[in-house]
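Shown next: target-v2.tsv, containing TSV, C-alpha atoms.
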chain	number	residue	atom	x	y	z
A	1	MET	CA	12.21	115.13	181.95
A	2	SER	CA	11.61	111.96	180.03
A	3	ASP	CA	8.75	110.06	181.64
A	4	LEU	CA	6.11	109.17	179.05
A	5	GLN	CA	3.12	110.80	180.78
A	6	THR	CA	4.94	114.12	181.07
A	7	MET	CA	6.16	113.97	177.47
A	8	ASP	CA	2.60	113.20	176.32
A	9	ALA	CA	1.20	116.17	178.26
A	10	LEU	CA	3.80	118.52	176.75
A	11	ALA	CA	3.35	117.02	173.27
A	12	GLN	CA	-0.29	118.12	173.33
A	13	LEU	CA	0.96	121.72	173.11
A	14	VAL	CA	2.81	120.99	169.85
A	15	PRO	CA	0.78	120.94	166.62
A	16	GLU	CA	0.99	117.82	164.43
A	17	GLY	CA	3.74	118.11	161.83
A	18	ALA	CA	5.32	121.15	163.52
A	19	ARG	CA	8.91	122.17	162.94
A	20	VAL	CA	10.43	122.14	166.45
A	21	LEU	CA	13.59	123.47	168.05
A	22	ASP	CA	14.29	121.82	171.42
A	23	LEU	CA	16.67	123.92	173.53
A	24	GLY	CA	18.73	121.90	175.97
A	25	CYS	CA	17.31	118.72	174.47
A	26	GLY	CA	19.33	116.36	176.67
A	27	ASP	CA	19.37	112.87	175.17
A	28	GLY	CA	16.73	113.81	172.58
A	29	ALA	CA	13.89	111.83	174.17
A	30	MET	CA	11.30	114.62	173.81
A	31	LEU	CA	12.10	115.43	170.20
A	32	ALA	CA	12.15	111.72	169.31
A	33	HIS	CA	8.75	111.39	171.01
A	34	LEU	CA	7.38	114.32	168.98
A	35	GLN	CA	8.74	112.83	165.76
A	36	ARG	CA	7.17	109.46	166.52
A	37	THR	CA	3.79	110.56	167.91
A	38	ARG	CA	3.11	113.93	166.23
A	39	GLY	CA	5.04	113.72	162.96
A	40	CYS	CA	7.24	116.66	163.93
A	41	SER	CA	10.65	117.53	162.53
A	42	GLY	CA	13.38	119.80	163.77
A	43	TYR	CA	16.54	120.07	165.79
A	44	GLY	CA	17.76	119.74	169.32
A	45	ILE	CA	20.33	122.07	170.84
A	46	GLU	CA	22.62	120.47	173.41
A	47	ILE	CA	26.07	121.21	174.85
A	48	ASP	CA	26.93	117.92	176.60
A	49	ASP	CA	28.98	115.50	174.45
A	50	ALA	CA	27.31	112.35	175.81
A	51	ASN	CA	23.83	113.80	175.21
A	52	VAL	CA	24.75	114.86	171.66
A	53	LEU	CA	25.84	111.27	170.98
A	54	ALA	CA	22.60	109.93	172.53
A	55	CYS	CA	20.60	112.23	170.21
A	56	VAL	CA	22.46	110.95	167.17
A	57	LYS	CA	21.81	107.34	168.25
A	58	ARG	CA	18.08	108.16	168.57
A	59	GLY	CA	18.01	109.67	165.10
A	60	VAL	CA	17.44	113.20	166.42
A	61	ASN	CA	19.06	116.07	164.53
A	62	VAL	CA	21.22	117.90	167.06
A	63	ILE	CA	23.43	120.99	167.07
A	64	GLN	CA	26.08	121.28	169.76
A	65	LEU	CA	25.78	124.81	171.11
A	66	ASN	CA	26.06	126.67	174.40
A	67	LEU	CA	22.68	128.37	174.90
A	68	ASP	CA	24.29	131.12	176.96
A	69	GLU	CA	25.71	132.31	173.62
A	70	GLY	CA	22.18	132.87	172.27
A	71	LEU	CA	20.32	131.84	169.13
A	72	SER	CA	21.61	134.39	166.63
A	73	MET	CA	22.17	131.63	164.04
A	74	PHE	CA	18.37	131.33	163.65
A	75	GLU	CA	16.11	133.83	161.91
A	76	ASP	CA	12.80	135.08	163.31
A	77	ALA	CA	10.02	132.45	163.21
A	78	SER	CA	12.38	129.76	161.87
A	79	PHE	CA	10.39	127.15	163.80
A	80	ASP	CA	6.75	126.61	164.66
A	81	VAL	CA	7.58	125.75	168.26
A	82	VAL	CA	10.63	126.24	170.45
A	83	LEU	CA	10.79	124.01	173.51
A	84	GLN	CA	12.68	124.92	176.66
A	85	ILE	CA	12.04	121.88	178.86
A	86	ASP	CA	14.10	121.84	182.07
A	87	THR	CA	16.52	124.36	180.58
A	88	LEU	CA	15.63	127.80	181.94
A	89	GLN	CA	16.92	127.09	185.46
A	90	HIS	CA	20.39	126.27	184.06
A	91	LEU	CA	20.86	129.44	182.00
A	92	ARG	CA	22.62	132.60	183.04
A	93	ASN	CA	20.67	134.69	180.52
A	94	ALA	CA	17.15	133.49	181.32
A	95	GLU	CA	15.39	136.68	180.18
A	96	VAL	CA	17.28	136.81	176.90
A	97	MET	CA	16.51	133.15	176.22
A	98	LEU	CA	12.81	133.65	176.93
A	99	ARG	CA	12.71	136.43	174.35
A	100	GLU	CA	14.80	134.38	171.91
A	101	THR	CA	12.45	131.42	172.36
A	102	VAL	CA	9.48	133.41	171.05
A	103	ARG	CA	11.56	135.21	168.42
A	104	VAL	CA	12.84	132.00	166.82
A	105	GLY	CA	9.53	130.15	167.20
A	106	ARG	CA	5.98	131.20	166.47
A	107	PHE	CA	5.47	130.24	170.11
A	108	GLY	CA	7.51	128.71	172.89
A	109	VAL	CA	6.81	126.06	175.52
A	110	VAL	CA	8.80	126.50	178.73
A	111	ALA	CA	8.73	123.94	181.55
A	112	PHE	CA	10.84	123.97	184.71
A	113	PRO	CA	10.78	122.76	188.33
A	114	ASN	CA	8.29	124.79	190.39
A	115	PHE	CA	10.08	125.73	193.59
A	116	ALA	CA	6.77	126.77	195.22
A	117	HIS	CA	5.36	123.20	195.09
A	118	TRP	CA	4.06	122.33	198.56
A	119	PRO	CA	6.72	119.67	199.43
A	120	ASN	CA	9.42	122.25	198.70
A	121	ARG	CA	7.68	124.79	200.93
A	122	LEU	CA	7.45	122.20	203.72
A	123	SER	CA	11.14	121.42	203.41
A	124	ILE	CA	12.02	125.13	203.69
A	125	LEU	CA	9.79	125.41	206.77
A	126	THR	CA	11.79	122.63	208.41
A	127	GLY	CA	14.98	124.54	207.70
A	128	ARG	CA	16.29	122.49	204.76
A	129	MET	CA	16.55	123.06	201.03
A	130	PRO	CA	14.24	120.66	199.20
A	131	VAL	CA	15.45	117.40	197.70
A	132	THR	CA	12.61	115.80	195.76
A	133	ARG	CA	12.09	113.63	192.70
A	134	ARG	CA	11.73	116.85	190.69
A	135	LEU	CA	14.66	118.64	192.43
A	136	PRO	CA	16.92	115.66	193.20
A	137	TYR	CA	20.09	117.54	194.15
A	138	GLN	CA	21.53	118.83	197.38
A	139	TRP	CA	21.90	122.61	197.56
A	140	PHE	CA	25.68	122.38	197.12
A	141	ASP	CA	25.76	120.13	194.02
A	142	THR	CA	22.78	121.27	191.96
A	143	PRO	CA	23.23	122.08	188.27
A	144	ASN	CA	20.43	124.65	188.67
A	145	ILE	CA	21.78	128.16	188.92
A	146	ARG	CA	18.37	129.59	189.80
A	147	VAL	CA	15.06	128.48	191.21
A	148	GLY	CA	11.68	129.91	190.30
A	149	THR	CA	7.99	129.41	190.82
A	150	HIS	CA	5.02	129.11	188.52
A	151	ALA	CA	3.97	132.63	189.48
A	152	ASP	CA	7.48	134.00	188.88
A	153	LEU	CA	7.53	132.99	185.22
A	154	GLY	CA	4.19	134.69	184.57
A	155	ILE	CA	5.59	137.91	186.01
A	156	LEU	CA	8.85	137.55	184.05
A	157	ALA	CA	6.93	136.94	180.81
A	158	GLY	CA	4.90	140.12	181.34
A	159	ARG	CA	8.00	142.12	182.20
A	160	ASN	CA	9.51	141.04	178.87
A	161	GLY	CA	6.41	141.86	176.83
A	162	LEU	CA	5.55	138.21	176.17
A	163	THR	CA	2.00	136.93	175.84
A	164	VAL	CA	0.97	133.95	177.97
A	165	LEU	CA	-1.12	131.72	175.70
A	166	ASP	CA	-1.54	129.04	178.35
A	167	SER	CA	-0.06	128.07	181.70
A	168	PHE	CA	-0.53	125.11	184.00
A	169	GLY	CA	1.36	122.72	186.21
A	170	LEU	CA	2.27	119.08	185.83
A	171	GLN	CA	2.35	116.61	188.68
A	172	ASN	CA	3.17	112.96	187.98
A	173	GLY	CA	2.34	113.54	184.31
A	174	GLN	CA	-1.10	114.99	185.08
A	175	VAL	CA	-2.12	118.52	184.14
A	176	VAL	CA	-2.80	120.75	187.18
A	177	ARG	CA	-4.81	123.89	186.41
A	178	ARG	CA	-6.12	124.59	189.91
A	179	LEU	CA	-3.46	126.19	192.15
A	180	PRO	CA	-0.46	125.05	190.04
A	181	ASN	CA	1.92	127.20	192.09
A	182	LEU	CA	1.10	125.06	195.14
A	183	LEU	CA	0.09	121.68	193.70
A	184	ALA	CA	2.49	121.05	190.78
A	185	GLY	CA	6.15	120.09	190.74
A	186	THR	CA	6.56	121.35	187.17
A	187	SER	CA	5.49	124.70	185.78
A	188	VAL	CA	4.52	124.93	182.09
A	189	TYR	CA	4.01	128.10	180.04
A	190	LYS	CA	3.08	128.51	176.38
A	191	LEU	CA	4.38	131.93	175.30
A	192	SER	CA	4.41	134.14	172.24
A	193	ARG	CA	5.43	137.69	171.31
Show this structure as structure tokens.
Amino acid sequence: MSDLQTMDALAQLVPEGARVLDLGCGDGAMLAHLQRTRGCSGYGIEIDDANVLACVKRGVNVIQLNLDEGLSMFEDASFDVVLQIDTLQHLRNAEVMLRETVRVGRFGVVAFPNFAHWPNRLSILTGRMPVTRRLPYQWFDTPNIRVGTHADLGILAGRNGLTVLDSFGLQNGQVVRRLPNLLAGTSVYKLSR
């Protein structure tokens, strides 16, 4: 997720000057954006060699780590904010990583594709798995190991004793607060312990 409008909308959740840990940071675009526009510092966590190199070229501090192994190298509240942008759907240990996100950060921001977005529902009704701009893969070649909805993450957060500080959807970089489960391609949650 690297379009400027979406990054700007997510950046509004991050306090100026915050120390940030970006889990599954990809090429480092979000963390570089936060450094440039909000004066943030911090680290990205990424497993892919090419993305680690892209982070270094952008001037983003990056640690190569498999998130399925957890975040035990970080102490409680080591960061102001922990980002999990387009990461949760790739992880085998989603519940553990949600709890780790709010353990390592004072709060966490989680964003992921909302499978309940109306175009996805329409595709299912026609008998096909959705292929959209937000979910651009065929069912047989997707890197996503799970799909979820905006409502699902709220339930999962509660089940894990997490506090929802804010939740909304994003569609084409615009915040969607009315019916985000139906009207937004991306689900966003701000969580704490």
Quiz prompt | Which residue of A:Val20, A:Ala29, A:Leu71, A:Leu10 approaches Ser41 of chain A most closely, using all atoms listed in the file | solution =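 Closest to Ser41 of chain A of all the choices is A:Val20.
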Quiz prompt | Nearest to Met129 of chain A, chosen from A:Lys190, A:Phe115, A:Leu170, A:Ile145, with all atoms listed in the file counted in the distances | solution = A:Phe115
Practice problem: Could you tell me which of A:Met7, A:Val14, A:Cys55, A:Val102 comes closest to Thr163 of chain A if we count only C-alpha atoms? | Solution: A:Val102
Practice problem: Quick one: everything within 12 Å of segment 130-138 of chain A, counting only C-alpha atoms, minus sequence neighbours fewer than 4 positions away in the same chain. Send it as a PyMOL selection string. | Solution: chain A and resi 1-3+86+89+111-126+142-148+170-173+184-187
Selected residues, C-alpha atoms, written as a short mmCIF file (atom, residue, chain, number, x, y, z; two decimals), keeping the file's coordinate frame, please.
data_model
loop_
_atom_site.label_atom_id
_atom_site.label_comp_id
_atom_site.auth_asym_id
_atom_site.auth_seq_id
_atom_site.Cartn_x
_atom_site.Cartn_y
_atom_site.Cartn_z
CA MET A 1 12.21 115.13 181.95
CA SER A 2 11.61 111.96 180.03
CA ASP A 3 8.75 110.06 181.64
CA ASP A 86 14.10 121.84 182.07
CA GLN A 89 16.92 127.09 185.46
CA ALA A 111 8.73 123.94 181.55
CA PHE A 112 10.84 123.97 184.71
CA PRO A 113 10.78 122.76 188.33
CA ASN A 114 8.29 124.79 190.39
CA PHE A 115 10.08 125.73 193.59
CA ALA A 116 6.77 126.77 195.22
CA HIS A 117 5.36 123.20 195.09
CA TRP A 118 4.06 122.33 198.56
CA PRO A 119 6.72 119.67 199.43
CA ASN A 120 9.42 122.25 198.70
CA ARG A 121 7.68 124.79 200.93
CA LEU A 122 7.45 122.20 203.72
CA SER A 123 11.14 121.42 203.41
CA ILE A 124 12.02 125.13 203.69
CA LEU A 125 9.79 125.41 206.77
CA THR A 126 11.79 122.63 208.41
CA THR A 142 22.78 121.27 191.96
CA PRO A 143 23.23 122.08 188.27
CA ASN A 144 20.43 124.65 188.67
CA ILE A 145 21.78 128.16 188.92
CA ARG A 146 18.37 129.59 189.80
CA VAL A 147 15.06 128.48 191.21
CA GLY A 148 11.68 129.91 190.30
CA LEU A 170 2.27 119.08 185.83
CA GLN A 171 2.35 116.61 188.68
CA ASN A 172 3.17 112.96 187.98
CA GLY A 173 2.34 113.54 184.31
CA ALA A 184 2.49 121.05 190.78
CA GLY A 185 6.15 120.09 190.74
CA THR A 186 6.56 121.35 187.17
CA SER A 187 5.49 124.70 185.78
#
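Counting all atoms listed in the file, the residue from A:Asp68, A:Glu100, A:Asp22, A:Glu95 that sits nearest to Gly158 of chain A is A:Glu95.
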Practice problem: Find the residues around Leu191 of chain A up to 7 Å (all atoms listed in the file counted), leave out those fewer than 6 positions away in its own chain, and share them as a list of chain:residue names. | Solution: A:Val102, A:Phe107, A:Gly108, A:Val109, A:Leu162, A:Thr163, A:Val164, A:Leu165
Set up a box along x, y and z of the file covering all listed atoms of segment 95-101 of chain A, add 6 Å on every one of the six sides, and write the centre and edge lengths in Å to one decimal, as lines of an AutoDock Vina configuration file.
center_x = 14.9
center_y = 134.1
center_z = 176.0
size_x = 16.8
size_y = 17.4
size_z = 20.3
Quiz item: Rounded to one decimal in Å, what is the spacing between atom CA of Val52 of chain A and atom CA of Phe140 of chain A?
Solution: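 For atom CA of Val52 of chain A relative to atom CA of Phe140 of chain A, the distance reads 26.6 Å.
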Quiz item: Hey, which of A:Val82, A:Leu23, A:Leu34, A:Val175 ends up closest to Ala9 of chain A? Count only C-alpha atoms.
Solution: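 Looking only at the distances to Ala9 of chain A, the closest residue turns out to be A:Val175.
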Written coordinates, C-alpha atoms of segment 41-190 of chain A as a PDB file, in the first residue's frame:
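Once written, result.pdb looks like this:
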ATOM      1  CA  SER A  41      12.098   7.738  13.374  1.00  0.00           C
ATOM      2  CA  GLY A  42      12.218   3.999  13.732  1.00  0.00           C
ATOM      3  CA  TYR A  43      12.675   0.713  11.961  1.00  0.00           C
ATOM      4  CA  GLY A  44      11.028  -1.444   9.371  1.00  0.00           C
ATOM      5  CA  ILE A  45      10.828  -5.211   9.647  1.00  0.00           C
ATOM      6  CA  GLU A  46      10.938  -7.071   6.342  1.00  0.00           C
ATOM      7  CA  ILE A  47      11.838 -10.594   5.194  1.00  0.00           C
ATOM      8  CA  ASP A  48      12.169 -10.148   1.415  1.00  0.00           C
ATOM      9  CA  ASP A  49      15.742  -9.463   0.226  1.00  0.00           C
ATOM     10  CA  ALA A  50      14.715  -7.076  -2.567  1.00  0.00           C
ATOM     11  CA  ASN A  51      12.509  -5.063  -0.195  1.00  0.00           C
ATOM     12  CA  VAL A  52      15.279  -4.877   2.417  1.00  0.00           C
ATOM     13  CA  LEU A  53      17.575  -3.446  -0.272  1.00  0.00           C
ATOM     14  CA  ALA A  54      14.863  -0.974  -1.355  1.00  0.00           C
ATOM     15  CA  CYS A  55      14.534   0.189   2.280  1.00  0.00           C
ATOM     16  CA  VAL A  56      18.274   0.759   2.540  1.00  0.00           C
ATOM     17  CA  LYS A  57      18.228   2.757  -0.724  1.00  0.00           C
ATOM     18  CA  ARG A  58      15.402   4.917   0.698  1.00  0.00           C
ATOM     19  CA  GLY A  59      17.355   5.559   3.875  1.00  0.00           C
ATOM     20  CA  VAL A  60      14.948   3.525   6.021  1.00  0.00           C
ATOM     21  CA  ASN A  61      16.413   1.540   8.916  1.00  0.00           C
ATOM     22  CA  VAL A  62      15.387  -2.061   8.332  1.00  0.00           C
ATOM     23  CA  ILE A  63      15.798  -5.366  10.159  1.00  0.00           C
ATOM     24  CA  GLN A  64      15.452  -8.572   8.156  1.00  0.00           C
ATOM     25  CA  LEU A  65      13.193 -10.817  10.207  1.00  0.00           C
ATOM     26  CA  ASN A  66      10.442 -13.374   9.706  1.00  0.00           C
ATOM     27  CA  LEU A  67       7.432 -12.018  11.615  1.00  0.00           C
ATOM     28  CA  ASP A  68       6.109 -15.534  12.162  1.00  0.00           C
ATOM     29  CA  GLU A  69       9.003 -15.862  14.636  1.00  0.00           C
ATOM     30  CA  GLY A  70       7.580 -13.027  16.760  1.00  0.00           C
ATOM     31  CA  LEU A  71       8.978  -9.822  18.229  1.00  0.00           C
ATOM     32  CA  SER A  72      10.767 -11.140  21.314  1.00  0.00           C
ATOM     33  CA  MET A  73      13.822  -8.995  20.495  1.00  0.00           C
ATOM     34  CA  PHE A  74      11.807  -5.886  21.476  1.00  0.00           C
ATOM     35  CA  GLU A  75      10.853  -4.878  25.001  1.00  0.00           C
ATOM     36  CA  ASP A  76       7.381  -3.692  26.039  1.00  0.00           C
ATOM     37  CA  ALA A  77       6.535  -0.180  24.765  1.00  0.00           C
ATOM     38  CA  SER A  78       9.819   0.089  22.829  1.00  0.00           C
ATOM     39  CA  PHE A  79       8.009   2.180  20.205  1.00  0.00           C
ATOM     40  CA  ASP A  80       5.289   4.807  20.238  1.00  0.00           C
ATOM     41  CA  VAL A  81       3.507   3.198  17.293  1.00  0.00           C
ATOM     42  CA  VAL A  82       3.713  -0.202  15.637  1.00  0.00           C
ATOM     43  CA  LEU A  83       2.328  -0.359  12.108  1.00  0.00           C
ATOM     44  CA  GLN A  84       0.987  -3.513  10.527  1.00  0.00           C
ATOM     45  CA  ILE A  85      -0.032  -2.290   7.066  1.00  0.00           C
ATOM     46  CA  ASP A  86      -1.013  -5.089   4.665  1.00  0.00           C
ATOM     47  CA  THR A  87       0.782  -7.621   6.851  1.00  0.00           C
ATOM     48  CA  LEU A  88      -1.828  -9.395   8.985  1.00  0.00           C
ATOM     49  CA  GLN A  89      -3.304 -11.393   6.084  1.00  0.00           C
ATOM     50  CA  HIS A  90       0.130 -12.922   5.344  1.00  0.00           C
ATOM     51  CA  LEU A  91       0.891 -14.145   8.867  1.00  0.00           C
ATOM     52  CA  ARG A  92       0.265 -17.587  10.276  1.00  0.00           C
ATOM     53  CA  ASN A  93       0.180 -16.264  13.844  1.00  0.00           C
ATOM     54  CA  ALA A  94      -2.224 -13.349  13.377  1.00  0.00           C
ATOM     55  CA  GLU A  95      -3.512 -13.330  16.962  1.00  0.00           C
ATOM     56  CA  VAL A  96      -0.034 -13.456  18.453  1.00  0.00           C
ATOM     57  CA  MET A  97       1.117 -10.624  16.185  1.00  0.00           C
ATOM     58  CA  LEU A  98      -1.867  -8.464  17.139  1.00  0.00           C
ATOM     59  CA  ARG A  99      -0.963  -8.849  20.800  1.00  0.00           C
ATOM     60  CA  GLU A 100       2.730  -8.279  20.055  1.00  0.00           C
ATOM     61  CA  THR A 101       1.861  -5.131  18.098  1.00  0.00           C
ATOM     62  CA  VAL A 102       0.312  -3.496  21.170  1.00  0.00           C
ATOM     63  CA  ARG A 103       2.924  -4.933  23.531  1.00  0.00           C
ATOM     64  CA  VAL A 104       5.873  -3.477  21.618  1.00  0.00           C
ATOM     65  CA  GLY A 105       4.105  -0.196  20.815  1.00  0.00           C
ATOM     66  CA  ARG A 106       2.071   2.142  22.975  1.00  0.00           C
ATOM     67  CA  PHE A 107      -0.539   1.557  20.281  1.00  0.00           C
ATOM     68  CA  GLY A 108      -0.761  -0.245  16.969  1.00  0.00           C
ATOM     69  CA  VAL A 109      -2.241   0.633  13.589  1.00  0.00           C
ATOM     70  CA  VAL A 110      -3.417  -2.365  11.581  1.00  0.00           C
ATOM     71  CA  ALA A 111      -4.666  -2.075   7.991  1.00  0.00           C
ATOM     72  CA  PHE A 112      -5.607  -4.921   5.669  1.00  0.00           C
ATOM     73  CA  PRO A 113      -7.844  -5.694   2.669  1.00  0.00           C
ATOM     74  CA  ASN A 114     -11.509  -5.807   3.714  1.00  0.00           C
ATOM     75  CA  PHE A 115     -12.961  -8.936   2.148  1.00  0.00           C
ATOM     76  CA  ALA A 116     -16.526  -7.727   2.890  1.00  0.00           C
ATOM     77  CA  HIS A 117     -16.204  -4.705   0.551  1.00  0.00           C
ATOM     78  CA  TRP A 118     -19.217  -4.689  -1.774  1.00  0.00           C
ATOM     79  CA  PRO A 119     -17.326  -5.545  -5.030  1.00  0.00           C
ATOM     80  CA  ASN A 120     -15.929  -8.635  -3.309  1.00  0.00           C
ATOM     81  CA  ARG A 121     -19.407  -9.644  -2.154  1.00  0.00           C
ATOM     82  CA  LEU A 122     -20.723  -9.208  -5.704  1.00  0.00           C
ATOM     83  CA  SER A 123     -17.939 -11.364  -7.093  1.00  0.00           C
ATOM     84  CA  ILE A 124     -18.751 -14.140  -4.590  1.00  0.00           C
ATOM     85  CA  LEU A 125     -22.434 -13.914  -5.550  1.00  0.00           C
ATOM     86  CA  THR A 126     -21.480 -14.533  -9.181  1.00  0.00           C
ATOM     87  CA  GLY A 127     -19.569 -17.627  -8.111  1.00  0.00           C
ATOM     88  CA  ARG A 128     -16.011 -16.274  -8.361  1.00  0.00           C
ATOM     89  CA  MET A 129     -13.367 -15.262  -5.861  1.00  0.00           C
ATOM     90  CA  PRO A 130     -12.761 -11.517  -6.079  1.00  0.00           C
ATOM     91  CA  VAL A 131      -9.908 -10.025  -8.077  1.00  0.00           C
ATOM     92  CA  THR A 132      -9.806  -6.276  -7.476  1.00  0.00           C
ATOM     93  CA  ARG A 133      -7.272  -3.468  -7.281  1.00  0.00           C
ATOM     94  CA  ARG A 134      -7.071  -4.142  -3.525  1.00  0.00           C
ATOM     95  CA  LEU A 135      -7.039  -7.969  -3.893  1.00  0.00           C
ATOM     96  CA  PRO A 136      -5.233  -8.319  -7.241  1.00  0.00           C
ATOM     97  CA  TYR A 137      -4.514 -12.060  -7.140  1.00  0.00           C
ATOM     98  CA  GLN A 138      -6.318 -15.131  -8.361  1.00  0.00           C
ATOM     99  CA  TRP A 139      -7.398 -17.531  -5.611  1.00  0.00           C
ATOM    100  CA  PHE A 140      -4.640 -20.000  -6.523  1.00  0.00           C
ATOM    101  CA  ASP A 141      -1.674 -17.579  -6.522  1.00  0.00           C
ATOM    102  CA  THR A 142      -2.437 -15.171  -3.687  1.00  0.00           C
ATOM    103  CA  PRO A 143       0.221 -14.441  -1.063  1.00  0.00           C
ATOM    104  CA  ASN A 144      -2.628 -13.946   1.433  1.00  0.00           C
ATOM    105  CA  ILE A 145      -3.059 -16.948   3.674  1.00  0.00           C
ATOM    106  CA  ARG A 146      -6.276 -15.576   5.173  1.00  0.00           C
ATOM    107  CA  VAL A 147      -9.013 -13.117   4.360  1.00  0.00           C
ATOM    108  CA  GLY A 148     -10.928 -11.045   6.873  1.00  0.00           C
ATOM    109  CA  THR A 149     -13.453  -8.272   7.145  1.00  0.00           C
ATOM    110  CA  HIS A 150     -13.590  -4.993   8.992  1.00  0.00           C
ATOM    111  CA  ALA A 151     -16.037  -6.525  11.464  1.00  0.00           C
ATOM    112  CA  ASP A 152     -13.840  -9.609  11.958  1.00  0.00           C
ATOM    113  CA  LEU A 153     -10.884  -7.599  13.246  1.00  0.00           C
ATOM    114  CA  GLY A 154     -13.041  -5.812  15.810  1.00  0.00           C
ATOM    115  CA  ILE A 155     -14.202  -9.179  17.134  1.00  0.00           C
ATOM    116  CA  LEU A 156     -10.654 -10.574  17.126  1.00  0.00           C
ATOM    117  CA  ALA A 157      -9.353  -7.518  19.001  1.00  0.00           C
ATOM    118  CA  GLY A 158     -12.002  -7.969  21.703  1.00  0.00           C
ATOM    119  CA  ARG A 159     -11.302 -11.680  21.963  1.00  0.00           C
ATOM    120  CA  ASN A 160      -7.643 -10.852  22.634  1.00  0.00           C
ATOM    121  CA  GLY A 161      -8.390  -8.185  25.245  1.00  0.00           C
ATOM    122  CA  LEU A 162      -7.314  -5.302  23.003  1.00  0.00           C
ATOM    123  CA  THR A 163      -8.904  -1.868  23.109  1.00  0.00           C
ATOM    124  CA  VAL A 164     -10.132  -0.355  19.843  1.00  0.00           C
ATOM    125  CA  LEU A 165      -9.122   3.316  19.950  1.00  0.00           C
ATOM    126  CA  ASP A 166     -10.438   4.000  16.454  1.00  0.00           C
ATOM    127  CA  SER A 167     -11.589   2.078  13.403  1.00  0.00           C
ATOM    128  CA  PHE A 168     -12.595   3.091   9.907  1.00  0.00           C
ATOM    129  CA  GLY A 169     -12.231   2.104   6.290  1.00  0.00           C
ATOM    130  CA  LEU A 170     -10.242   3.572   3.440  1.00  0.00           C
ATOM    131  CA  GLN A 171     -11.446   3.697  -0.134  1.00  0.00           C
ATOM    132  CA  ASN A 172      -9.289   5.362  -2.785  1.00  0.00           C
ATOM    133  CA  GLY A 173      -7.381   7.150  -0.026  1.00  0.00           C
ATOM    134  CA  GLN A 174     -10.540   8.578   1.557  1.00  0.00           C
ATOM    135  CA  VAL A 175     -11.626   7.785   5.109  1.00  0.00           C
ATOM    136  CA  VAL A 176     -14.909   5.842   5.283  1.00  0.00           C
ATOM    137  CA  ARG A 177     -16.608   5.917   8.689  1.00  0.00           C
ATOM    138  CA  ARG A 178     -20.146   5.076   7.579  1.00  0.00           C
ATOM    139  CA  LEU A 179     -20.578   1.345   6.844  1.00  0.00           C
ATOM    140  CA  PRO A 180     -16.835   0.620   6.390  1.00  0.00           C
ATOM    141  CA  ASN A 181     -17.472  -3.134   6.271  1.00  0.00           C
ATOM    142  CA  LEU A 182     -19.491  -2.606   3.079  1.00  0.00           C
ATOM    143  CA  LEU A 183     -18.036   0.554   1.530  1.00  0.00           C
ATOM    144  CA  ALA A 184     -14.255   0.324   2.081  1.00  0.00           C
ATOM    145  CA  GLY A 185     -11.625  -1.824   0.413  1.00  0.00           C
ATOM    146  CA  THR A 186      -9.219  -1.352   3.326  1.00  0.00           C
ATOM    147  CA  SER A 187      -9.958  -1.826   7.010  1.00  0.00           C
ATOM    148  CA  VAL A 188      -8.002   0.259   9.549  1.00  0.00           C
ATOM    149  CA  TYR A 189      -7.863  -0.248  13.315  1.00  0.00           C
ATOM    150  CA  LYS A 190      -5.969   1.690  15.972  1.00  0.00           C
TER     151      LYS A 190
END
